[in-house]
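S.K.: What follows is the file start35.pdb, containing PDB, C-alpha atoms, pLDDT in the B column:
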```
MODEL        1
ATOM      1  CA  MET M   1     108.647   8.081  62.835  1.00 87.00           C
ATOM      2  CA  HIS M   2     108.556   6.809  66.410  1.00 86.00           C
ATOM      3  CA  VAL M   3     111.229   4.344  67.413  1.00 87.00           C
ATOM      4  CA  SER M   4     108.518   1.731  68.040  1.00 85.00           C
ATOM      5  CA  ASP M   5     108.020   1.609  64.238  1.00 88.00           C
ATOM      6  CA  TYR M   6     111.763   1.388  63.488  1.00 91.00           C
ATOM      7  CA  ARG M   7     112.903  -2.025  62.257  1.00 92.00           C
ATOM      8  CA  SER M   8     116.309  -1.586  60.618  1.00 94.00           C
ATOM      9  CA  GLY M   9     118.721   1.004  59.318  1.00 94.00           C
ATOM     10  CA  LYS M  10     118.847  -0.776  55.965  1.00 94.00           C
ATOM     11  CA  GLY M  11     116.703   1.845  54.203  1.00 94.00           C
ATOM     12  CA  TYR M  12     118.716   4.750  55.613  1.00 96.00           C
ATOM     13  CA  ARG M  13     122.072   4.084  53.926  1.00 97.00           C
ATOM     14  CA  GLY M  14     123.733   7.421  53.124  1.00 96.00           C
ATOM     15  CA  LYS M  15     120.908   9.387  54.823  1.00 97.00           C
ATOM     16  CA  LYS M  16     121.258  12.042  57.517  1.00 97.00           C
ATOM     17  CA  VAL M  17     119.006  10.890  60.354  1.00 96.00           C
ATOM     18  CA  MET M  18     118.115  12.912  63.447  1.00 94.00           C
ATOM     19  CA  VAL M  19     117.459  10.649  66.445  1.00 95.00           C
ATOM     20  CA  VAL M  20     115.576  12.585  69.120  1.00 92.00           C
ATOM     21  CA  GLY M  21     116.273  10.959  72.478  1.00 88.00           C
ATOM     22  CA  CYS M  22     119.301   9.369  74.056  1.00 86.00           C
ATOM     23  CA  GLY M  23     117.889   6.561  76.174  1.00 86.00           C
ATOM     24  CA  ASN M  24     118.466   2.899  75.434  1.00 86.00           C
ATOM     25  CA  SER M  25     116.290   2.987  72.292  1.00 90.00           C
ATOM     26  CA  GLY M  26     117.931   6.134  70.927  1.00 92.00           C
ATOM     27  CA  MET M  27     121.408   4.703  71.474  1.00 93.00           C
ATOM     28  CA  GLU M  28     120.523   1.364  69.869  1.00 94.00           C
ATOM     29  CA  VAL M  29     118.870   2.975  66.842  1.00 95.00           C
ATOM     30  CA  SER M  30     121.818   5.342  66.352  1.00 96.00           C
ATOM     31  CA  LEU M  31     124.234   2.416  66.501  1.00 96.00           C
ATOM     32  CA  ASP M  32     122.134   0.407  64.025  1.00 96.00           C
ATOM     33  CA  LEU M  33     122.066   3.398  61.664  1.00 97.00           C
ATOM     34  CA  CYS M  34     125.886   3.513  61.829  1.00 96.00           C
ATOM     35  CA  HIS M  35     126.092  -0.179  61.000  1.00 96.00           C
ATOM     36  CA  HIS M  36     123.955   0.507  57.923  1.00 97.00           C
ATOM     37  CA  LYS M  37     126.175   3.414  56.758  1.00 97.00           C
ATOM     38  CA  ALA M  38     123.724   6.190  57.671  1.00 97.00           C
ATOM     39  CA  PHE M  39     124.791   9.443  59.334  1.00 97.00           C
ATOM     40  CA  PRO M  40     122.948   9.718  62.655  1.00 97.00           C
ATOM     41  CA  SER M  41     122.788  12.823  64.834  1.00 96.00           C
ATOM     42  CA  MET M  42     121.455  12.210  68.338  1.00 95.00           C
ATOM     43  CA  VAL M  43     119.780  14.933  70.392  1.00 93.00           C
ATOM     44  CA  ILE M  44     121.093  15.012  73.960  1.00 89.00           C
ATOM     45  CA  ARG M  45     119.796  17.925  76.054  1.00 84.00           C
ATOM     46  CA  SER M  46     121.397  17.018  79.395  1.00 82.00           C
ATOM     47  CA  SER M  47     123.817  14.557  80.957  1.00 80.00           C
ATOM     48  CA  VAL M  48     123.391  10.843  80.326  1.00 80.00           C
ATOM     49  CA  HIS M  49     124.400   8.075  82.710  1.00 76.00           C
ATOM     50  CA  VAL M  50     125.987   5.330  80.596  1.00 82.00           C
ATOM     51  CA  LEU M  51     126.770   1.937  82.089  1.00 79.00           C
ATOM     52  CA  PRO M  52     128.749  -0.843  80.447  1.00 83.00           C
ATOM     53  CA  ARG M  53     126.683  -3.874  79.522  1.00 81.00           C
ATOM     54  CA  GLU M  54     129.123  -6.084  81.417  1.00 83.00           C
ATOM     55  CA  VAL M  55     131.882  -5.701  83.976  1.00 84.00           C
ATOM     56  CA  ALA M  56     134.431  -8.527  84.106  1.00 87.00           C
ATOM     57  CA  GLY M  57     132.013 -10.798  82.225  1.00 87.00           C
ATOM     58  CA  ILE M  58     129.116 -10.157  84.643  1.00 85.00           C
ATOM     59  CA  SER M  59     126.020  -8.271  83.465  1.00 84.00           C
ATOM     60  CA  THR M  60     125.507  -4.825  84.970  1.00 79.00           C
ATOM     61  CA  PHE M  61     121.988  -5.880  86.011  1.00 74.00           C
ATOM     62  CA  GLU M  62     123.359  -8.874  87.923  1.00 80.00           C
ATOM     63  CA  LEU M  63     125.969  -6.678  89.626  1.00 79.00           C
ATOM     64  CA  ALA M  64     123.285  -4.190  90.704  1.00 71.00           C
ATOM     65  CA  THR M  65     121.176  -7.018  92.112  1.00 72.00           C
ATOM     66  CA  ARG M  66     124.164  -8.365  94.056  1.00 75.00           C
ATOM     67  CA  MET M  67     124.933  -4.869  95.418  1.00 72.00           C
ATOM     68  CA  LEU M  68     121.409  -4.648  96.858  1.00 67.00           C
ATOM     69  CA  LYS M  69     122.421  -7.272  99.422  1.00 68.00           C
ATOM     70  CA  TRP M  70     125.015  -4.916 100.969  1.00 66.00           C
ATOM     71  CA  LEU M  71     123.889  -1.387 100.107  1.00 62.00           C
ATOM     72  CA  SER M  72     120.648   0.396 100.839  1.00 56.00           C
ATOM     73  CA  VAL M  73     118.231   1.278  98.053  1.00 53.00           C
ATOM     74  CA  LYS M  74     118.730   4.984  98.827  1.00 54.00           C
ATOM     75  CA  MET M  75     122.482   4.655  98.263  1.00 53.00           C
ATOM     76  CA  LEU M  76     122.018   3.064  94.841  1.00 51.00           C
ATOM     77  CA  LYS M  77     119.085   5.131  93.614  1.00 51.00           C
ATOM     78  CA  ASN M  78     119.980   7.683  90.999  1.00 51.00           C
ATOM     79  CA  THR M  79     119.382  11.088  92.597  1.00 51.00           C
ATOM     80  CA  GLN M  80     118.996  12.725  89.178  1.00 52.00           C
ATOM     81  CA  GLY M  81     115.873  10.705  88.354  1.00 52.00           C
ATOM     82  CA  LYS M  82     117.445   9.415  85.152  1.00 60.00           C
ATOM     83  CA  THR M  83     117.499   5.859  83.932  1.00 65.00           C
ATOM     84  CA  PRO M  84     121.014   4.692  83.085  1.00 74.00           C
ATOM     85  CA  VAL M  85     121.691   3.708  79.493  1.00 81.00           C
ATOM     86  CA  LEU M  86     123.341   0.347  78.881  1.00 81.00           C
ATOM     87  CA  ASP M  87     126.112   0.770  76.342  1.00 87.00           C
ATOM     88  CA  VAL M  88     125.805  -1.699  73.480  1.00 87.00           C
ATOM     89  CA  GLY M  89     128.509  -0.018  71.405  1.00 90.00           C
ATOM     90  CA  ALA M  90     127.091   3.450  70.745  1.00 92.00           C
ATOM     91  CA  SER M  91     129.662   5.144  73.021  1.00 91.00           C
ATOM     92  CA  HIS M  92     132.470   3.973  70.752  1.00 93.00           C
ATOM     93  CA  GLU M  93     130.694   5.381  67.686  1.00 95.00           C
ATOM     94  CA  ILE M  94     130.060   8.679  69.498  1.00 94.00           C
ATOM     95  CA  LYS M  95     133.743   8.958  70.407  1.00 94.00           C
ATOM     96  CA  SER M  96     134.737   8.162  66.823  1.00 95.00           C
ATOM     97  CA  GLY M  97     132.372  10.851  65.499  1.00 95.00           C
ATOM     98  CA  LYS M  98     130.172   8.438  63.546  1.00 96.00           C
ATOM     99  CA  ILE M  99     127.256   9.396  65.798  1.00 96.00           C
ATOM    100  CA  GLN M 100     127.091  13.164  66.053  1.00 95.00           C
ATOM    101  CA  ILE M 101     125.776  14.606  69.334  1.00 95.00           C
ATOM    102  CA  VAL M 102     123.649  17.749  69.059  1.00 95.00           C
ATOM    103  CA  PRO M 103     121.817  19.908  71.646  1.00 92.00           C
ATOM    104  CA  GLY M 104     118.061  20.452  71.817  1.00 87.00           C
ATOM    105  CA  ILE M 105     115.886  21.300  68.829  1.00 89.00           C
ATOM    106  CA  LYS M 106     114.465  24.771  68.331  1.00 89.00           C
ATOM    107  CA  LYS M 107     112.408  24.042  65.202  1.00 88.00           C
ATOM    108  CA  PHE M 108     112.032  21.841  62.164  1.00 87.00           C
ATOM    109  CA  SER M 109     111.587  22.973  58.574  1.00 84.00           C
ATOM    110  CA  ARG M 110     111.535  20.983  55.342  1.00 86.00           C
ATOM    111  CA  GLY M 111     114.758  18.947  55.236  1.00 90.00           C
ATOM    112  CA  ARG M 112     116.345  20.997  58.037  1.00 90.00           C
ATOM    113  CA  VAL M 113     116.457  21.335  61.785  1.00 92.00           C
ATOM    114  CA  GLU M 114     117.490  24.408  63.761  1.00 92.00           C
ATOM    115  CA  LEU M 115     119.141  23.583  67.067  1.00 92.00           C
ATOM    116  CA  VAL M 116     118.917  25.662  70.240  1.00 92.00           C
ATOM    117  CA  ASN M 117     122.509  26.826  69.728  1.00 94.00           C
ATOM    118  CA  GLY M 118     121.580  28.345  66.335  1.00 93.00           C
ATOM    119  CA  THR M 119     123.154  25.586  64.222  1.00 94.00           C
ATOM    120  CA  ASN M 120     121.154  24.454  61.182  1.00 95.00           C
ATOM    121  CA  LEU M 121     121.501  20.880  59.959  1.00 95.00           C
ATOM    122  CA  GLU M 122     120.237  19.184  56.817  1.00 95.00           C
ATOM    123  CA  ILE M 123     118.312  16.019  57.615  1.00 95.00           C
ATOM    124  CA  ASP M 124     116.574  13.345  55.584  1.00 95.00           C
ATOM    125  CA  SER M 125     114.636  11.658  58.396  1.00 94.00           C
ATOM    126  CA  VAL M 126     113.707  12.009  62.055  1.00 93.00           C
ATOM    127  CA  ILE M 127     113.293   9.122  64.484  1.00 94.00           C
ATOM    128  CA  LEU M 128     111.640   9.946  67.803  1.00 90.00           C
ATOM    129  CA  ALA M 129     113.134   7.895  70.620  1.00 88.00           C
ATOM    130  CA  THR M 130     111.260   9.917  73.208  1.00 82.00           C
ATOM    131  CA  GLY M 131     109.762   7.144  75.299  1.00 75.00           C
ATOM    132  CA  TYR M 132     106.837   4.815  75.338  1.00 68.00           C
ATOM    133  CA  CYS M 133     103.437   4.857  76.933  1.00 64.00           C
ATOM    134  CA  SER M 134     102.347   1.599  78.440  1.00 60.00           C
ATOM    135  CA  ASN M 135      99.540  -0.165  76.632  1.00 57.00           C
ATOM    136  CA  VAL M 136      98.782  -2.279  79.702  1.00 60.00           C
ATOM    137  CA  PRO M 137      95.761  -0.135  80.753  1.00 59.00           C
ATOM    138  CA  SER M 138      94.158  -0.647  77.328  1.00 60.00           C
ATOM    139  CA  TRP M 139      94.269  -4.461  77.386  1.00 59.00           C
ATOM    140  CA  LEU M 140      93.399  -4.596  81.085  1.00 60.00           C
ATOM    141  CA  LYS M 141      90.538  -2.191  80.339  1.00 60.00           C
ATOM    142  CA  VAL M 142      91.393   0.064  83.300  1.00 59.00           C
ATOM    143  CA  ARG M 143      92.164   3.778  83.477  1.00 59.00           C
ATOM    144  CA  ASN M 144      94.698   3.843  86.291  1.00 56.00           C
ATOM    145  CA  LEU M 145      97.276   1.116  86.925  1.00 54.00           C
ATOM    146  CA  HIS M 146      97.584   2.127  90.587  1.00 51.00           C
ATOM    147  CA  HIS M 147      94.114   0.650  91.134  1.00 47.00           C
ATOM    148  CA  VAL M 148      95.309  -2.686  89.765  1.00 47.00           C
ATOM    149  CA  PHE M 149      98.843  -3.062  91.103  1.00 49.00           C
ATOM    150  CA  SER M 150      99.929  -2.317  94.630  1.00 47.00           C
ATOM    151  CA  ARG M 151     102.738   0.158  95.090  1.00 46.00           C
ATOM    152  CA  GLU M 152     104.923  -2.400  96.817  1.00 47.00           C
ATOM    153  CA  GLY M 153     104.959  -4.564  93.688  1.00 43.00           C
ATOM    154  CA  ASP M 154     103.085  -7.425  95.372  1.00 46.00           C
ATOM    155  CA  GLU M 155      99.916  -9.048  94.109  1.00 53.00           C
ATOM    156  CA  GLY M 156      97.305  -6.515  93.062  1.00 50.00           C
ATOM    157  CA  LYS M 157      93.519  -6.577  93.033  1.00 49.00           C
ATOM    158  CA  LEU M 158      93.312  -8.696  89.890  1.00 51.00           C
ATOM    159  CA  GLY M 159      95.937 -11.215  91.011  1.00 54.00           C
ATOM    160  CA  LEU M 160      98.547  -9.670  88.712  1.00 64.00           C
ATOM    161  CA  TYR M 161     102.147  -8.762  89.321  1.00 66.00           C
ATOM    162  CA  ALA M 162     103.776  -5.660  87.880  1.00 65.00           C
ATOM    163  CA  VAL M 163     107.432  -4.980  87.217  1.00 70.00           C
ATOM    164  CA  GLY M 164     108.684  -1.638  85.956  1.00 66.00           C
ATOM    165  CA  PHE M 165     105.595   0.520  86.531  1.00 62.00           C
ATOM    166  CA  SER M 166     107.097   2.380  89.501  1.00 60.00           C
ATOM    167  CA  ARG M 167     108.665   5.003  87.191  1.00 61.00           C
ATOM    168  CA  ARG M 168     112.043   4.505  88.858  1.00 64.00           C
ATOM    169  CA  GLY M 169     113.889   3.296  85.768  1.00 64.00           C
ATOM    170  CA  LEU M 170     115.890   0.072  85.497  1.00 65.00           C
ATOM    171  CA  PHE M 171     116.774   0.170  89.174  1.00 70.00           C
ATOM    172  CA  GLY M 172     113.087   0.386  90.121  1.00 72.00           C
ATOM    173  CA  ALA M 173     112.267  -2.488  87.768  1.00 73.00           C
ATOM    174  CA  SER M 174     115.026  -4.536  89.431  1.00 75.00           C
ATOM    175  CA  CYS M 175     113.593  -3.803  92.894  1.00 77.00           C
ATOM    176  CA  ASP M 176     110.082  -4.654  91.670  1.00 75.00           C
ATOM    177  CA  ALA M 177     111.294  -7.945  90.178  1.00 78.00           C
ATOM    178  CA  ILE M 178     113.004  -8.951  93.419  1.00 81.00           C
ATOM    179  CA  ARG M 179     109.913  -8.106  95.496  1.00 78.00           C
ATOM    180  CA  VAL M 180     107.566  -9.930  93.132  1.00 77.00           C
ATOM    181  CA  SER M 181     109.765 -13.047  93.005  1.00 79.00           C
ATOM    182  CA  GLN M 182     109.967 -13.077  96.817  1.00 80.00           C
ATOM    183  CA  HIS M 183     106.180 -12.789  97.049  1.00 77.00           C
ATOM    184  CA  ILE M 184     105.652 -15.610  94.532  1.00 76.00           C
ATOM    185  CA  ALA M 185     108.147 -17.787  96.448  1.00 81.00           C
ATOM    186  CA  LYS M 186     106.297 -17.074  99.712  1.00 81.00           C
ATOM    187  CA  ILE M 187     102.926 -18.083  98.209  1.00 76.00           C
ATOM    188  CA  TRP M 188     104.421 -21.157  96.550  1.00 77.00           C
ATOM    189  CA  ASN M 189     106.018 -22.263  99.832  1.00 83.00           C
ATOM    190  CA  GLN M 190     102.724 -21.791 101.686  1.00 81.00           C
ATOM    191  CA  GLU M 191     100.788 -23.766  99.097  1.00 78.00           C
ATOM    192  CA  THR M 192     103.282 -26.623  98.800  1.00 81.00           C
ATOM    193  CA  ASN M 193     103.728 -27.005 102.577  1.00 79.00           C
ATOM    194  CA  GLN M 194      99.948 -27.365 103.031  1.00 56.00           C
ATOM    195  CA  SER M 195      99.620 -30.287 100.665  1.00 49.00           C
TER     196      SER M 195
ENDMDL
END
```
Turn the structure described in the file into structure tokens.
M.R.:
Amino acid sequence: MHVSDYRSGKGYRGKKVMVVGCGNSGMEVSLDLCHHKAFPSMVIRSSVHVLPREVAGISTFELATRMLKWLSVKMLKNTQGKTPVLDVGASHEIKSGKIQIVPGIKKFSRGRVELVNGTNLEIDSVILATGYCSNVPSWLKVRNLHHVFSREGDEGKLGLYAVGFSRRGLFGASCDAIRVSQHIAKIWNQETNQS
């Protein structure tokens, strides 16, 4: 099953569930499975950048936005090309062993998975938290979003604004949101000053 079809860990009580992917969705699903007394194993093939949800009562997103005022985008951009994961409690369950971390998958067979390190695990279910494809092109009836939205995040050809399509993760979405809000404010100021 893809994580987009996942609703709750309620039906997985006592089951061994392989969660493939360790982004925000994979972490949240694994945590939910723990809360419902399942036994999740999460596939992590390389390092993961985990951020706390809050620091001193301030959201990590708000802190990043504030830092943009003093630091350059290049200083803050993740040089690894990875989107940070916001910790909603999964790190604690990983440390406690309730969420088992496993390396990449070599192959699946009925009720089993062989990992790249040669380990074989029994599994009851697999949840793919391997990312999403945007459905925006389908409802806009276009093939390429770059023809609709400008790369700077300002108003595009159809008068639409886009946030998060720059493929630069949460940081890119934050930059897009700031640029778009500044552009909307500029237009609003122009229109209200003329009347």
S.K.: Which of these, M:Ser8, M:Thr119, M:Thr130, M:Thr65, has the shortest distance to Cys175 of chain M once you count only C-alpha atoms?
M.R.: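 Of the candidates, the smallest distance to Cys175 of chain M is held by M:Thr65.
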S.K.: Find the axis-aligned box for segment 170-186 of chain M, covering all its listed atoms and adding 4 Å on each side, and write its centre and edge lengths in Å to one decimal as JSON.
M.R.:
```
{"center_x": 111.2, "center_y": -8.7, "center_z": 92.6, "size_x": 19.1, "size_y": 26.2, "size_z": 22.2}
```
S.K.: Work out how far atom CA of Ile99 of chain M is from atom CA of Val116 of chain M, in Å to one decimal.
M.R.: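 Straight-line distance from atom CA of Val116 of chain M to atom CA of Ile99 of chain M works out to 18.8 Å.
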S.K.: What does the PyMOL selection byres ((chain M and resi 37-52) around 7) select in this file, as JSON, numbers by chain?
M.R.: {"M": [12, 13, 14, 15, 16, 17, 18, 19, 20, 21, 22, 30, 33, 34, 35, 36, 53, 54, 55, 60, 84, 85, 86, 87, 98, 99, 100, 101, 102, 103, 104]}
S.K.: Could you please take those selected residues and save C-alpha atoms as a PDB file, in the frame of the given file?
M.R.:
```
ATOM      1  CA  TYR M  12     118.716   4.750  55.613  1.00 96.00           C
ATOM      2  CA  ARG M  13     122.072   4.084  53.926  1.00 97.00           C
ATOM      3  CA  GLY M  14     123.733   7.421  53.124  1.00 96.00           C
ATOM      4  CA  LYS M  15     120.908   9.387  54.823  1.00 97.00           C
ATOM      5  CA  LYS M  16     121.258  12.042  57.517  1.00 97.00           C
ATOM      6  CA  VAL M  17     119.006  10.890  60.354  1.00 96.00           C
ATOM      7  CA  MET M  18     118.115  12.912  63.447  1.00 94.00           C
ATOM      8  CA  VAL M  19     117.459  10.649  66.445  1.00 95.00           C
ATOM      9  CA  VAL M  20     115.576  12.585  69.120  1.00 92.00           C
ATOM     10  CA  GLY M  21     116.273  10.959  72.478  1.00 88.00           C
ATOM     11  CA  CYS M  22     119.301   9.369  74.056  1.00 86.00           C
ATOM     12  CA  SER M  30     121.818   5.342  66.352  1.00 96.00           C
ATOM     13  CA  LEU M  33     122.066   3.398  61.664  1.00 97.00           C
ATOM     14  CA  CYS M  34     125.886   3.513  61.829  1.00 96.00           C
ATOM     15  CA  HIS M  35     126.092  -0.179  61.000  1.00 96.00           C
ATOM     16  CA  HIS M  36     123.955   0.507  57.923  1.00 97.00           C
ATOM     17  CA  ARG M  53     126.683  -3.874  79.522  1.00 81.00           C
ATOM     18  CA  GLU M  54     129.123  -6.084  81.417  1.00 83.00           C
ATOM     19  CA  VAL M  55     131.882  -5.701  83.976  1.00 84.00           C
ATOM     20  CA  THR M  60     125.507  -4.825  84.970  1.00 79.00           C
ATOM     21  CA  PRO M  84     121.014   4.692  83.085  1.00 74.00           C
ATOM     22  CA  VAL M  85     121.691   3.708  79.493  1.00 81.00           C
ATOM     23  CA  LEU M  86     123.341   0.347  78.881  1.00 81.00           C
ATOM     24  CA  ASP M  87     126.112   0.770  76.342  1.00 87.00           C
ATOM     25  CA  LYS M  98     130.172   8.438  63.546  1.00 96.00           C
ATOM     26  CA  ILE M  99     127.256   9.396  65.798  1.00 96.00           C
ATOM     27  CA  GLN M 100     127.091  13.164  66.053  1.00 95.00           C
ATOM     28  CA  ILE M 101     125.776  14.606  69.334  1.00 95.00           C
ATOM     29  CA  VAL M 102     123.649  17.749  69.059  1.00 95.00           C
ATOM     30  CA  PRO M 103     121.817  19.908  71.646  1.00 92.00           C
ATOM     31  CA  GLY M 104     118.061  20.452  71.817  1.00 87.00           C
TER      32      GLY M 104
END
```
S.K.: Could you jot down the atom CA of Gly89 of chain M to atom CA of Asp176 of chain M separation for me, Å, one decimal place?
M.R.: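 Between atom CA of Gly89 of chain M and atom CA of Asp176 of chain M the gap is 27.8 Å.
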S.K.: Select, from M:Ile105, M:Ile127, M:Ala64, M:Ala90, the residue with the minimum atom-to-atom distance to Ile178 of chain M, counting all atoms listed in the file.
M.R.: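 Of all the options, M:Ala64 lies closest to Ile178 of chain M.
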S.K.: Could you check which of M:Gly172, M:Asp32, M:Val163, M:Ser91 is closest to Gly11 of chain M, using only C-alpha atoms?
M.R.: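 Ranked by minimum distance to Gly11 of chain M, first place goes to M:Asp32.
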S.K.: Residue by residue, what does the PyMOL selection byres ((chain M and resi 122) around 10) grab here? Present the result as an MDAnalysis selection string.
M.R.: chainID M and resid 16:18 109:114 120:121 123:125
S.K.: Pick out the closest residue to Ser4 of chain M from this set: M:His183, M:Gly131, M:Glu191, M:Ser59. Count all atoms listed in the file.
M.R.: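 Among the listed residues, M:Gly131 lies closest to Ser4 of chain M.
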S.K.: I'd like to know which of M:Ala173, M:Val3, M:Lys10, M:Ala185 is closest to Glu28 of chain M, using all atoms listed in the file.
M.R.: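 Ranking M:Ala173, M:Val3, M:Lys10, M:Ala185 by distance to Glu28 of chain M, first place goes to M:Val3.
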S.K.: In Å, with one decimal, what is the gap from atom CA of Tyr6 of chain M to atom CA of Val29 of chain M?
M.R.: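 If I compute the distance from atom CA of Tyr6 of chain M to atom CA of Val29 of chain M, I get 8.0 Å.
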